[in-house]
file run-v7.txt (compact mmCIF, C-alpha atoms and all ligand atoms)
# COMPACT_ATOMS: atom_id res chain seq x y z
CA MET H 1 0.00 0.00 0.00
CA ILE H 2 1.16 3.56 -0.64
CA ASN H 3 2.57 5.56 2.28
CA LYS H 4 1.48 9.01 3.45
CA GLN H 5 4.07 10.89 1.35
CA GLU H 6 3.03 9.05 -1.80
CA ALA H 7 -0.61 9.74 -1.01
CA GLU H 8 0.17 13.44 -0.55
CA ALA H 9 1.88 13.58 -3.92
CA LYS H 10 -1.03 11.84 -5.63
CA LEU H 11 -3.62 14.13 -4.03
CA LYS H 12 -1.63 17.28 -4.83
CA LYS H 13 -1.72 16.38 -8.50
CA TYR H 14 -5.53 16.40 -8.40
CA GLY H 15 -6.13 19.27 -5.96
CA GLN H 16 -7.52 16.98 -3.23
CA GLU H 17 -4.81 17.48 -0.55
CA HIS H 18 -7.42 18.32 2.12
CA LEU H 19 -8.21 14.60 2.43
CA LEU H 20 -5.13 14.17 4.61
CA ASN H 21 -5.76 17.20 6.84
CA HIS H 22 -6.83 15.11 9.83
CA PHE H 23 -4.74 12.04 9.08
CA GLU H 24 -2.85 12.18 12.40
CA THR H 25 -6.09 12.14 14.43
CA LEU H 26 -7.29 8.88 12.86
CA SER H 27 -6.82 5.43 14.36
CA GLU H 28 -4.21 3.23 12.68
CA LYS H 29 -7.03 1.20 11.11
CA LYS H 30 -8.70 4.27 9.62
CA GLN H 31 -5.35 5.64 8.41
CA LYS H 32 -4.81 2.40 6.51
CA GLU H 33 -8.33 2.54 5.11
CA LEU H 34 -7.82 6.10 3.90
CA LEU H 35 -4.48 5.30 2.27
CA GLY H 36 -6.08 2.28 0.61
CA GLN H 37 -8.85 4.48 -0.76
CA ILE H 38 -6.36 7.05 -2.06
CA GLU H 39 -4.42 4.27 -3.77
CA GLU H 40 -7.55 2.81 -5.40
CA ILE H 41 -9.51 5.88 -6.48
CA ASP H 42 -9.18 7.18 -10.01
CA PHE H 43 -8.95 10.90 -9.12
CA GLU H 44 -8.64 11.92 -12.74
CA LEU H 45 -12.01 10.29 -13.41
CA VAL H 46 -13.60 11.98 -10.38
CA ASN H 47 -12.28 15.43 -11.35
CA ASN H 48 -13.47 14.93 -14.92
CA LEU H 49 -16.89 13.76 -13.78
CA TYR H 50 -17.26 16.87 -11.68
CA LYS H 51 -16.20 19.09 -14.57
CA ASN H 52 -18.31 17.39 -17.22
CA ALA H 53 -21.14 15.42 -15.67
CA ASP H 54 -23.79 18.09 -16.05
CA LYS H 55 -22.61 18.87 -19.53
CA ILE H 56 -23.88 15.73 -21.25
CA ASP H 57 -25.54 17.40 -24.21
CA THR H 58 -28.47 15.45 -25.61
CA SER H 59 -30.10 18.37 -27.38
CA ASN H 60 -28.90 17.26 -30.82
CA ASP H 61 -29.89 13.63 -30.36
CA GLU H 62 -32.39 12.40 -32.90
CA ILE H 63 -35.26 10.83 -30.97
CA SER H 64 -37.71 8.50 -32.66
CA HIS H 65 -40.36 5.96 -31.76
CA MET H 66 -39.30 2.50 -30.57
CA GLU H 67 -41.27 -0.51 -31.80
CA TYR H 68 -42.72 -2.78 -29.13
CA SER H 69 -44.73 -6.01 -28.88
CA ASP H 70 -47.89 -6.19 -26.84
CA LYS H 71 -48.14 -9.31 -24.68
CA TYR H 72 -51.88 -9.41 -25.27
CA LYS H 73 -51.69 -9.12 -29.04
CA LEU H 74 -49.31 -12.00 -29.70
CA ASN H 75 -52.12 -14.41 -30.66
CA ASP H 76 -50.82 -17.83 -31.82
CA GLU H 77 -47.20 -16.89 -31.20
CA TYR H 78 -47.86 -16.63 -27.44
CA LYS H 79 -47.89 -20.39 -26.85
CA LYS H 80 -44.85 -20.91 -29.07
CA TYR H 81 -42.74 -18.40 -27.12
CA GLU H 82 -43.92 -19.77 -23.81
CA LYS H 83 -42.87 -23.25 -24.79
CA ILE H 84 -39.39 -22.13 -25.82
CA GLY H 85 -38.96 -20.16 -22.61
CA GLU H 86 -40.28 -22.96 -20.43
CA LYS H 87 -37.75 -25.36 -21.92
CA ALA H 88 -34.87 -22.93 -21.23
CA ILE H 89 -36.05 -22.38 -17.64
CA LYS H 90 -36.42 -26.11 -17.00
CA GLU H 91 -32.88 -26.61 -18.33
CA GLY H 92 -31.57 -24.18 -15.70
CA LYS H 93 -30.63 -21.48 -18.18
CA LEU H 94 -32.20 -18.58 -16.25
CA ALA H 95 -30.77 -16.63 -13.31
CA ALA H 96 -32.40 -13.72 -11.47
CA VAL H 97 -30.58 -10.62 -10.30
CA THR H 98 -32.08 -8.11 -7.89
CA MET H 99 -30.48 -4.70 -7.72
CA ALA H 100 -30.71 -3.72 -4.07
CA GLY H 101 -27.81 -1.30 -3.74
CA GLY H 102 -29.86 1.91 -3.88
CA GLN H 103 -30.25 4.26 -0.94
CA GLY H 104 -34.03 4.43 -1.06
CA THR H 105 -33.91 8.08 -0.04
CA ARG H 106 -37.44 8.87 -1.22
CA LEU H 107 -38.93 6.04 0.85
CA GLY H 108 -36.95 7.24 3.87
CA PHE H 109 -36.70 3.82 5.52
CA ASP H 110 -33.77 3.24 7.84
CA GLY H 111 -32.46 -0.02 6.42
CA PRO H 112 -32.12 -1.83 3.09
CA LYS H 113 -35.22 -1.14 0.97
CA GLY H 114 -35.68 -4.88 0.40
CA ALA H 115 -36.29 -5.33 4.15
CA TYR H 116 -39.28 -2.97 4.00
CA ASP H 117 -42.68 -4.32 5.04
CA ILE H 118 -45.35 -2.76 2.80
CA GLY H 119 -48.07 -3.59 5.32
CA LEU H 120 -49.59 -6.79 3.96
CA ASP H 121 -51.32 -9.00 6.51
CA SER H 122 -48.43 -11.44 6.07
CA HIS H 123 -45.93 -8.62 6.84
CA LYS H 124 -43.65 -9.99 4.18
CA SER H 125 -40.73 -7.78 3.18
CA LEU H 126 -40.03 -6.78 -0.43
CA PHE H 127 -37.23 -9.37 -0.48
CA GLU H 128 -39.61 -12.09 0.64
CA LEU H 129 -42.23 -11.09 -1.94
CA LEU H 130 -39.57 -11.40 -4.65
CA CYS H 131 -38.46 -14.73 -3.25
CA ASP H 132 -42.08 -15.93 -3.34
CA ASN H 133 -41.99 -15.25 -7.06
CA LEU H 134 -38.95 -17.51 -7.44
CA LYS H 135 -40.63 -20.20 -5.36
CA GLU H 136 -43.68 -20.00 -7.58
CA GLY H 137 -41.34 -20.59 -10.55
CA GLU H 138 -39.89 -23.59 -8.75
CA LYS H 139 -43.34 -25.04 -8.28
CA LYS H 140 -44.23 -24.56 -11.93
CA TYR H 141 -40.97 -25.58 -13.61
CA GLY H 142 -39.26 -27.77 -11.04
CA VAL H 143 -36.07 -25.68 -10.85
CA LYS H 144 -34.73 -23.24 -8.32
CA VAL H 145 -33.68 -20.22 -10.34
CA PRO H 146 -30.43 -18.97 -8.73
CA TRP H 147 -30.86 -15.53 -7.15
CA PHE H 148 -28.06 -12.96 -7.22
CA ILE H 149 -28.49 -9.90 -5.03
CA MET H 150 -26.53 -6.73 -5.60
CA THR H 151 -25.95 -4.71 -2.45
CA SER H 152 -23.82 -1.64 -1.78
CA GLU H 153 -21.03 -1.11 0.71
CA GLU H 154 -23.57 0.86 2.73
CA ASN H 155 -26.23 -1.85 3.07
CA ASN H 156 -24.41 -5.14 2.40
CA GLU H 157 -24.01 -6.22 6.02
CA GLN H 158 -27.57 -5.30 6.98
CA THR H 159 -28.95 -7.08 3.92
CA ILE H 160 -27.12 -10.31 4.68
CA GLU H 161 -28.17 -10.12 8.34
CA PHE H 162 -31.78 -9.68 7.23
CA PHE H 163 -31.60 -12.77 5.06
CA GLN H 164 -29.94 -14.72 7.87
CA LYS H 165 -32.61 -13.64 10.33
CA ASN H 166 -35.27 -14.83 7.88
CA LYS H 167 -33.45 -18.10 7.15
CA PHE H 168 -33.07 -17.08 3.50
CA PHE H 169 -36.85 -17.51 3.15
CA GLY H 170 -36.24 -21.24 2.80
CA TYR H 171 -34.48 -20.73 -0.53
CA GLN H 172 -31.17 -22.46 0.45
CA LYS H 173 -28.43 -19.94 0.75
CA ASP H 174 -25.35 -21.89 -0.29
CA LYS H 175 -26.81 -23.25 -3.47
CA ASN H 176 -29.23 -20.63 -4.70
CA ILE H 177 -28.61 -17.20 -3.21
CA PHE H 178 -25.51 -15.13 -3.89
CA PHE H 179 -24.68 -11.62 -2.69
CA PHE H 180 -22.28 -9.21 -4.36
CA LYS H 181 -21.44 -5.56 -3.88
CA GLN H 182 -21.62 -2.81 -6.43
CA GLY H 183 -18.88 -0.26 -7.07
CA GLN H 184 -18.61 3.16 -5.49
CA LEU H 185 -17.39 6.63 -6.34
CA PRO H 186 -16.47 9.53 -4.08
CA MET H 187 -18.99 12.30 -3.43
CA VAL H 188 -17.78 15.84 -4.04
CA ASP H 189 -18.89 19.26 -2.85
CA THR H 190 -19.98 22.08 -5.15
CA GLU H 191 -16.31 23.03 -5.66
CA GLY H 192 -15.37 19.53 -6.74
CA LYS H 193 -13.59 18.72 -3.47
CA ILE H 194 -14.03 15.13 -2.29
CA LEU H 195 -15.94 14.84 1.00
CA ILE H 196 -14.71 13.18 4.18
CA ASN H 197 -17.24 11.06 6.06
CA GLU H 198 -18.01 10.80 9.79
CA GLU H 199 -15.21 8.27 10.21
CA GLY H 200 -12.56 10.52 8.71
CA VAL H 201 -12.17 8.60 5.45
CA ILE H 202 -13.37 9.35 1.93
CA LYS H 203 -17.15 9.54 1.53
CA LEU H 204 -18.12 7.03 -1.13
CA ALA H 205 -21.53 6.34 -2.65
CA ALA H 206 -22.91 3.56 -4.85
CA ASN H 207 -22.29 4.23 -8.53
CA GLY H 208 -25.88 3.80 -9.77
CA HIS H 209 -27.74 0.79 -11.15
CA GLY H 210 -25.54 0.98 -14.26
CA GLY H 211 -22.84 -0.40 -11.95
CA ILE H 212 -24.57 -3.78 -12.24
CA TYR H 213 -22.60 -4.95 -15.27
CA GLU H 214 -19.14 -4.26 -13.88
CA ALA H 215 -20.16 -5.62 -10.48
CA LEU H 216 -21.44 -8.91 -11.95
CA VAL H 217 -18.20 -9.43 -13.85
CA LYS H 218 -15.69 -8.17 -11.26
CA ASN H 219 -17.20 -10.15 -8.40
CA GLY H 220 -17.09 -13.41 -10.32
CA MET H 221 -20.89 -13.69 -10.60
CA ILE H 222 -20.85 -14.17 -14.37
CA LYS H 223 -18.29 -16.94 -13.91
CA LYS H 224 -20.50 -18.54 -11.28
CA MET H 225 -23.54 -18.30 -13.55
CA LYS H 226 -21.63 -19.91 -16.40
CA GLU H 227 -20.65 -22.79 -14.12
CA LEU H 228 -24.34 -23.21 -13.36
CA GLY H 229 -25.19 -23.30 -17.06
CA VAL H 230 -27.00 -19.96 -17.07
CA GLU H 231 -27.57 -18.26 -20.43
CA TRP H 232 -30.23 -15.66 -19.60
CA ILE H 233 -30.28 -13.19 -16.74
CA PHE H 234 -33.36 -11.40 -15.47
CA ILE H 235 -32.27 -8.09 -13.89
CA GLY H 236 -34.76 -6.04 -11.91
CA GLY H 237 -35.06 -3.60 -9.03
CA VAL H 238 -35.85 -4.52 -5.45
CA ASP H 239 -38.90 -2.31 -5.27
CA ASN H 240 -41.48 -3.76 -7.67
CA CYS H 241 -43.45 -6.27 -5.65
CA LEU H 242 -45.26 -7.59 -8.74
CA ALA H 243 -42.08 -8.26 -10.77
CA LYS H 244 -42.26 -11.55 -12.67
CA MET H 245 -38.71 -12.83 -12.49
CA VAL H 246 -39.42 -16.27 -13.95
CA ASP H 247 -41.42 -15.55 -17.07
CA PRO H 248 -41.27 -18.16 -19.86
CA LEU H 249 -42.94 -15.84 -22.37
CA PHE H 250 -40.28 -13.17 -21.89
CA VAL H 251 -37.41 -15.68 -22.11
CA GLY H 252 -38.93 -17.49 -25.08
CA MET H 253 -39.50 -14.30 -27.04
CA ALA H 254 -35.92 -13.12 -26.51
CA ILE H 255 -34.61 -16.51 -27.68
CA ASP H 256 -36.91 -16.72 -30.68
CA LYS H 257 -36.33 -13.15 -31.79
CA GLN H 258 -32.57 -13.56 -31.26
CA VAL H 259 -32.11 -10.37 -29.27
CA THR H 260 -29.54 -10.08 -26.52
CA VAL H 261 -31.61 -7.69 -24.39
CA ALA H 262 -35.35 -7.54 -23.73
CA CYS H 263 -37.22 -5.07 -21.52
CA LYS H 264 -40.76 -4.86 -20.24
CA SER H 265 -42.88 -1.74 -20.49
CA VAL H 266 -46.29 -0.59 -19.36
CA VAL H 267 -48.19 2.08 -21.16
CA LYS H 268 -47.95 5.49 -19.52
CA ASP H 269 -50.76 6.41 -17.19
CA ASN H 270 -51.09 9.77 -18.95
CA PRO H 271 -48.88 11.59 -21.47
CA HIS H 272 -47.24 13.64 -18.73
CA GLU H 273 -46.53 10.88 -16.23
CA LYS H 274 -43.03 11.41 -14.84
CA VAL H 275 -41.38 8.24 -16.13
CA GLY H 276 -38.61 7.33 -18.55
CA VAL H 277 -39.88 5.82 -21.80
CA PHE H 278 -38.32 3.63 -24.45
CA CYS H 279 -37.30 5.34 -27.67
CA LYS H 280 -34.64 5.24 -30.35
CA ARG H 281 -31.83 7.72 -29.95
CA ASN H 282 -29.81 8.32 -33.07
CA GLY H 283 -31.34 5.11 -34.42
CA ARG H 284 -30.41 2.96 -31.40
CA PRO H 285 -32.42 1.67 -28.43
CA SER H 286 -32.60 4.05 -25.51
CA VAL H 287 -34.67 5.40 -22.65
CA ILE H 288 -35.61 9.05 -22.59
CA GLU H 289 -36.37 10.82 -19.32
CA TYR H 290 -39.61 12.81 -18.98
CA SER H 291 -37.53 15.95 -18.50
CA GLU H 292 -35.97 15.53 -21.95
CA ILE H 293 -39.31 15.29 -23.79
CA THR H 294 -41.26 18.31 -25.06
CA ASP H 295 -45.02 18.50 -24.39
CA GLU H 296 -45.60 17.99 -28.08
CA MET H 297 -43.59 14.76 -28.10
CA ALA H 298 -45.23 13.56 -24.89
CA GLU H 299 -48.68 13.95 -26.45
CA ALA H 300 -47.85 12.69 -29.97
CA VAL H 301 -49.85 9.63 -31.08
CA ASP H 302 -49.64 7.16 -33.97
CA GLU H 303 -52.39 6.27 -36.47
CA ASN H 304 -54.06 4.06 -33.83
CA GLY H 305 -54.13 6.78 -31.26
CA GLU H 306 -51.33 5.17 -29.21
CA LEU H 307 -48.71 7.44 -27.61
CA LEU H 308 -45.52 7.45 -29.68
CA TYR H 309 -43.47 7.78 -26.50
CA GLY H 310 -45.73 5.86 -24.16
CA GLU H 311 -43.81 2.71 -23.21
CA SER H 312 -42.52 3.33 -19.72
CA ASN H 313 -39.52 1.53 -18.37
CA LEU H 314 -40.25 -0.91 -15.52
CA LEU H 315 -36.63 -1.84 -14.86
CA CYS H 316 -37.54 -5.44 -15.72
CA ASN H 317 -34.86 -6.60 -18.09
CA LEU H 318 -33.64 -9.83 -19.56
CA PHE H 319 -30.06 -10.11 -20.81
CA ASN H 320 -28.11 -12.74 -22.60
CA ILE H 321 -25.13 -13.56 -20.38
CA ASP H 322 -22.59 -12.68 -23.09
CA ALA H 323 -24.13 -9.23 -23.47
CA VAL H 324 -23.75 -8.60 -19.73
CA GLU H 325 -20.15 -9.73 -19.86
CA ARG H 326 -19.43 -7.35 -22.74
CA MET H 327 -21.25 -4.50 -21.00
CA GLY H 328 -19.14 -5.10 -17.88
CA SER H 329 -16.12 -3.64 -19.62
CA LEU H 330 -17.83 -0.67 -21.28
CA PRO H 331 -17.10 2.79 -19.91
CA LEU H 332 -20.53 4.22 -19.07
CA PRO H 333 -21.46 7.89 -18.93
CA TYR H 334 -22.14 9.22 -15.44
CA HIS H 335 -25.07 11.40 -14.46
CA ILE H 336 -24.86 13.83 -11.63
CA ALA H 337 -27.29 13.86 -8.69
CA TYR H 338 -27.39 16.63 -6.08
CA LYS H 339 -27.87 15.03 -2.65
CA LYS H 340 -27.76 15.75 1.07
CA ALA H 341 -24.57 14.31 2.52
CA LYS H 342 -23.10 14.52 6.03
CA TYR H 343 -19.40 15.30 6.08
CA ILE H 344 -16.49 16.51 8.19
CA ASP H 345 -15.48 20.08 7.33
CA LYS H 346 -11.97 21.50 7.21
CA ASP H 347 -12.03 22.30 10.93
CA GLY H 348 -12.93 18.74 11.80
CA ASN H 349 -16.61 19.42 12.58
CA LEU H 350 -19.45 17.17 11.49
CA VAL H 351 -21.86 19.00 9.16
CA GLU H 352 -25.40 17.65 8.75
CA PRO H 353 -27.02 19.67 5.96
CA ASP H 354 -30.80 20.24 5.65
CA SER H 355 -30.66 20.60 1.90
CA PRO H 356 -28.56 19.07 -0.90
CA ASN H 357 -24.90 20.02 -0.69
CA ALA H 358 -22.97 17.37 -2.63
CA TYR H 359 -22.74 15.62 -5.96
CA LYS H 360 -23.07 11.90 -6.45
CA PHE H 361 -22.16 10.21 -9.73
CA GLU H 362 -24.36 7.48 -11.11
CA SER H 363 -24.56 5.47 -14.29
CA PHE H 364 -27.87 3.98 -15.37
CA LEU H 365 -28.63 0.42 -16.43
CA PHE H 366 -30.06 1.59 -19.75
CA ASP H 367 -26.91 3.56 -20.62
CA THR H 368 -25.66 0.43 -22.42
CA PHE H 369 -28.69 0.06 -24.68
CA GLY H 370 -27.15 2.40 -27.27
CA THR H 371 -24.55 -0.27 -28.03
CA LEU H 372 -27.28 -2.63 -29.28
CA ASP H 373 -28.61 -2.83 -32.81
CA GLU H 374 -31.91 -4.32 -31.69
CA MET H 375 -33.72 -4.76 -28.44
CA LEU H 376 -37.12 -6.23 -27.63
CA VAL H 377 -39.67 -4.17 -25.71
CA LEU H 378 -42.60 -6.20 -24.41
CA ARG H 379 -45.64 -4.28 -23.24
CA VAL H 380 -47.33 -5.93 -20.27
CA LYS H 381 -50.24 -4.90 -18.06
CA ARG H 382 -49.50 -2.53 -15.22
CA GLU H 383 -51.95 -4.25 -12.86
CA GLU H 384 -50.21 -7.59 -13.43
CA GLU H 385 -46.54 -6.63 -13.23
CA PHE H 386 -45.90 -3.22 -11.76
CA ALA H 387 -46.35 -2.17 -8.15
CA PRO H 388 -43.42 0.11 -7.34
CA VAL H 389 -42.40 1.32 -3.89
CA LYS H 390 -40.50 4.54 -4.46
CA ASN H 391 -41.94 7.16 -2.11
CA ALA H 392 -43.21 7.42 1.43
CA ASP H 393 -47.00 7.17 1.82
CA SER H 394 -47.32 10.95 2.15
CA ALA H 395 -46.54 11.25 -1.59
CA GLY H 396 -49.66 9.23 -2.45
CA VAL H 397 -48.11 7.64 -5.57
CA ASP H 398 -45.72 4.72 -6.05
CA CYS H 399 -45.69 4.29 -2.30
CA PRO H 400 -46.26 1.40 0.15
CA SER H 401 -50.06 1.83 0.29
CA THR H 402 -50.47 1.93 -3.51
CA ALA H 403 -48.13 -1.05 -3.95
CA ARG H 404 -49.98 -2.98 -1.23
CA ALA H 405 -53.34 -2.33 -2.91
CA LEU H 406 -52.00 -3.46 -6.30
CA TYR H 407 -50.41 -6.56 -4.78
CA GLU H 408 -53.59 -7.50 -2.90
CA LYS H 409 -55.76 -6.93 -5.94
CA TYR H 410 -53.53 -9.05 -8.18
CA HIS H 411 -53.30 -11.87 -5.66
CA LYS H 412 -57.00 -11.49 -4.92
CA LEU H 413 -56.37 -10.92 -1.25
CA ILE H 414 -59.09 -8.29 -1.12
P1 LIG H 501 -33.94 4.01 -7.82
O1 LIG H 501 -33.34 4.83 -8.87
O2 LIG H 501 -35.41 4.07 -7.69
O3 LIG H 501 -33.23 4.42 -6.46
O4 LIG H 501 -33.44 2.56 -8.00
P2 LIG H 501 -33.50 4.00 -4.95
O5 LIG H 501 -32.18 3.93 -4.29
O6 LIG H 501 -34.33 2.79 -4.78
O7 LIG H 501 -34.31 5.22 -4.37
P3 LIG H 501 -34.00 6.79 -4.24
O8 LIG H 501 -33.83 7.32 -5.64
O9 LIG H 501 -32.75 6.94 -3.41
O10 LIG H 501 -35.21 7.29 -3.56
C1 LIG H 501 -34.06 1.58 -8.78
C2 LIG H 501 -33.46 0.24 -8.40
O11 LIG H 501 -32.06 0.24 -8.64
C3 LIG H 501 -31.35 -0.08 -7.45
C4 LIG H 501 -32.31 0.26 -6.31
O12 LIG H 501 -31.99 -0.50 -5.16
C5 LIG H 501 -33.65 -0.11 -6.92
O13 LIG H 501 -33.88 -1.49 -6.83
N1 LIG H 501 -30.10 0.70 -7.37
C6 LIG H 501 -30.12 2.04 -7.55
C7 LIG H 501 -28.95 0.03 -7.08
O14 LIG H 501 -28.93 -1.21 -6.89
N2 LIG H 501 -27.80 0.75 -7.00
C8 LIG H 501 -27.74 2.09 -7.16
O15 LIG H 501 -26.64 2.69 -7.06
C9 LIG H 501 -28.94 2.76 -7.47
call {"tool": "encode", "arguments": {"input": "run-v7.txt", "output": "structure tokens"}}
result
Amino acid sequence: MINKQEAEAKLKKYGQEHLLNHFETLSEKKQKELLGQIEEIDFELVNNLYKNADKIDTSNDEISHMEYSDKYKLNDEYKKYEKIGEKAIKEGKLAAVTMAGGQGTRLGFDGPKGAYDIGLDSHKSLFELLCDNLKEGEKKYGVKVPWFIMTSEENNEQTIEFFQKNKFFGYQKDKNIFFFKQGQLPMVDTEGKILINEEGVIKLAANGHGGIYEALVKNGMIKKMKELGVEWIFIGGVDNCLAKMVDPLFVGMAIDKQVTVACKSVVKDNPHEKVGVFCKRNGRPSVIEYSEITDEMAEAVDENGELLYGESNLLCNLFNIDAVERMGSLPLPYHIAYKKAKYIDKDGNLVEPDSPNAYKFESFLFDTFGTLDEMLVLRVKREEEFAPVKNADSAGVDCPSTARALYEKYHKLI
């Protein structure tokens, strides 16, 4: 590991010397941790992200409509796809990945979001509801789909403890459940200076759900999947309690149509719903944020009266394993998010801000879609597959009470 002098020289080069200001007051363990961080971090990248992250210019991108298939208009093909997918699932070619590394700031729950109880009579957590979905697959197809859970440095320990406490929901830890951590990047203040956390070391934050690819490769999860004979990977968020992770139709369609990536969509609730929608960007698959779309585009319809930009992104994706491996080595663009972050100031005092004060850098899962020639978008029904838990109940939308109602309605519990 580098020593203090070497660390000083490295930091000076990038204008981040303040990180060693309180080095002498740290315990030996924390000093080592800080030096290790300084050795590891790509400061050039961080400085460049700060300088350029809000300058990603999409104004000249050519946006056009993205074709999609409607699950309920597949007619005779439906059975054919289902059969193909069922065969692949029964042969053990499917794995499920749950991205659970997010901070869940909007929900405001003190713990991993997956541990959240949405208030069902059963009091099952989001993790358990997802696991139920895998168990249902086991019942139908006779195979335990292996479950890979991405955590972050921040919530990894708590997540594993939660699973231990719940005896892995009876889904056999050693054989079927695997945890891995996503990557991190330093948070910086409005001047581009890296923050120091409460423990006196560099304040790091998860690098967004786009970190999934690199994390799957770097942590040996792709290797593990290959050993298990996996060819297709379902990747979804932790917060959709109606996600169908073992879906033969979805798998069969991707195989039959020979795409390497397939995504599910639901039609927008109204033209101005604040969601990202599938589109083509410069002729390639993409997702466009609601903030990037003009009112005219949001309201535009085709000859059947369907919204041209109406397929909202559920974060329910199916990837061919080779595509994920390739994406794991792609440099992704980073987006900047302005967040509240506690830190130690230059006088050694802990600052707990009431409003955002720091930048966090995140890449998005769909940032890789532009590398694909083709991608399948499958429109499904909202009431069957989408019950997100994003906000606290006070928001009234995409919150525990709305998700609970959707879940109960779908499972006919009410
Ligand atoms: P969101 O973007 O909704 O973020 O993540 P979030 O962390 O749940 O909530 P907010 O924005 O802080 O309120 C969608 C999915 O991607 C995962 C989340 O755990 C969720 O399942 N995610 C997000 C990660 O795994 N890592 C990240 O760095 C970000």
call {"tool": "atom_distance", "arguments": {"input": "run-v7.txt", "atom1": "atom CA of Phe179 of chain H", "atom2": "atom CA of Gln103 of chain H"}}
result
16.9 Å
call {"tool": "atom_distance", "arguments": {"input": "run-v7.txt", "atom1": "atom CA of Lys274 of chain H", "atom2": "atom CA of Leu216 of chain H"}}
result
29.8 Å
call {"tool": "residues_near_ligand", "arguments": {"input": "run-v7.txt", "ligand": "ligand LIG 501 (chain H)", "cutoff": "9 Å", "atoms": "all atoms listed in the file", "output": "compact mmCIF listing (two decimals) with C-alpha atoms, in the frame of the given file"}}
result
# COMPACT_ATOMS: atom_id res chain seq x y z
CA THR H 98 -32.08 -8.11 -7.89
CA MET H 99 -30.48 -4.70 -7.72
CA ALA H 100 -30.71 -3.72 -4.07
CA GLY H 101 -27.81 -1.30 -3.74
CA GLY H 102 -29.86 1.91 -3.88
CA GLN H 103 -30.25 4.26 -0.94
CA GLY H 104 -34.03 4.43 -1.06
CA THR H 105 -33.91 8.08 -0.04
CA ARG H 106 -37.44 8.87 -1.22
CA LEU H 107 -38.93 6.04 0.85
CA GLY H 108 -36.95 7.24 3.87
CA PRO H 112 -32.12 -1.83 3.09
CA LYS H 113 -35.22 -1.14 0.97
CA GLY H 114 -35.68 -4.88 0.40
CA ILE H 149 -28.49 -9.90 -5.03
CA MET H 150 -26.53 -6.73 -5.60
CA THR H 151 -25.95 -4.71 -2.45
CA SER H 152 -23.82 -1.64 -1.78
CA GLN H 182 -21.62 -2.81 -6.43
CA GLY H 183 -18.88 -0.26 -7.07
CA GLN H 184 -18.61 3.16 -5.49
CA ALA H 205 -21.53 6.34 -2.65
CA ALA H 206 -22.91 3.56 -4.85
CA ASN H 207 -22.29 4.23 -8.53
CA GLY H 208 -25.88 3.80 -9.77
CA HIS H 209 -27.74 0.79 -11.15
CA GLY H 210 -25.54 0.98 -14.26
CA GLY H 211 -22.84 -0.40 -11.95
CA ILE H 212 -24.57 -3.78 -12.24
CA GLY H 236 -34.76 -6.04 -11.91
CA GLY H 237 -35.06 -3.60 -9.03
CA VAL H 238 -35.85 -4.52 -5.45
CA ASP H 239 -38.90 -2.31 -5.27
CA ASN H 240 -41.48 -3.76 -7.67
CA LEU H 315 -36.63 -1.84 -14.86
CA GLU H 362 -24.36 7.48 -11.11
CA SER H 363 -24.56 5.47 -14.29
CA PHE H 364 -27.87 3.98 -15.37
CA LEU H 365 -28.63 0.42 -16.43
CA PRO H 388 -43.42 0.11 -7.34
CA VAL H 389 -42.40 1.32 -3.89
CA LYS H 390 -40.50 4.54 -4.46
CA ASN H 391 -41.94 7.16 -2.11
call {"tool": "closest_residue", "arguments": {"input": "run-v7.txt", "among": "H:Glu227, H:Glu44, H:Glu214, H:Asp367", "to": "Leu332 of chain H", "atoms": "all atoms listed in the file"}}
result
H:Asp367
call {"tool": "closest_residue", "arguments": {"input": "run-v7.txt", "among": "H:Thr402, H:Ser59, H:Gln16, H:Asn166", "to": "Pro186 of chain H", "atoms": "all atoms listed in the file"}}
result
H:Gln16
call {"tool": "residues_around", "arguments": {"input": "run-v7.txt", "residues": "Ala403 of chain H", "least_positions_apart": "4", "cutoff": "8 Å", "atoms": "all atoms listed in the file", "output": "PyMOL selection string"}}
result
chain H and resi 118+241+387-389+398-399+407
call {"tool": "residues_around", "arguments": {"input": "run-v7.txt", "residues": "Ile255 of chain H", "least_positions_apart": "2", "cutoff": "10 Å", "atoms": "all atoms listed in the file", "output": "PDB file with C-alpha atoms, in the coordinates of the input"}}
result
ATOM      1  CA  TYR H  81     -42.740 -18.400 -27.120  1.00  0.00           C
ATOM      2  CA  ILE H  84     -39.390 -22.130 -25.820  1.00  0.00           C
ATOM      3  CA  GLY H  85     -38.960 -20.160 -22.610  1.00  0.00           C
ATOM      4  CA  ALA H  88     -34.870 -22.930 -21.230  1.00  0.00           C
ATOM      5  CA  TRP H 232     -30.230 -15.660 -19.600  1.00  0.00           C
ATOM      6  CA  LEU H 249     -42.940 -15.840 -22.370  1.00  0.00           C
ATOM      7  CA  PHE H 250     -40.280 -13.170 -21.890  1.00  0.00           C
ATOM      8  CA  VAL H 251     -37.410 -15.680 -22.110  1.00  0.00           C
ATOM      9  CA  GLY H 252     -38.930 -17.490 -25.080  1.00  0.00           C
ATOM     10  CA  MET H 253     -39.500 -14.300 -27.040  1.00  0.00           C
ATOM     11  CA  LYS H 257     -36.330 -13.150 -31.790  1.00  0.00           C
ATOM     12  CA  GLN H 258     -32.570 -13.560 -31.260  1.00  0.00           C
ATOM     13  CA  VAL H 259     -32.110 -10.370 -29.270  1.00  0.00           C
ATOM     14  CA  THR H 260     -29.540 -10.080 -26.520  1.00  0.00           C
ATOM     15  CA  VAL H 261     -31.610  -7.690 -24.390  1.00  0.00           C
ATOM     16  CA  ALA H 262     -35.350  -7.540 -23.730  1.00  0.00           C
ATOM     17  CA  ASN H 320     -28.110 -12.740 -22.600  1.00  0.00           C
TER      18      ASN H 320
END
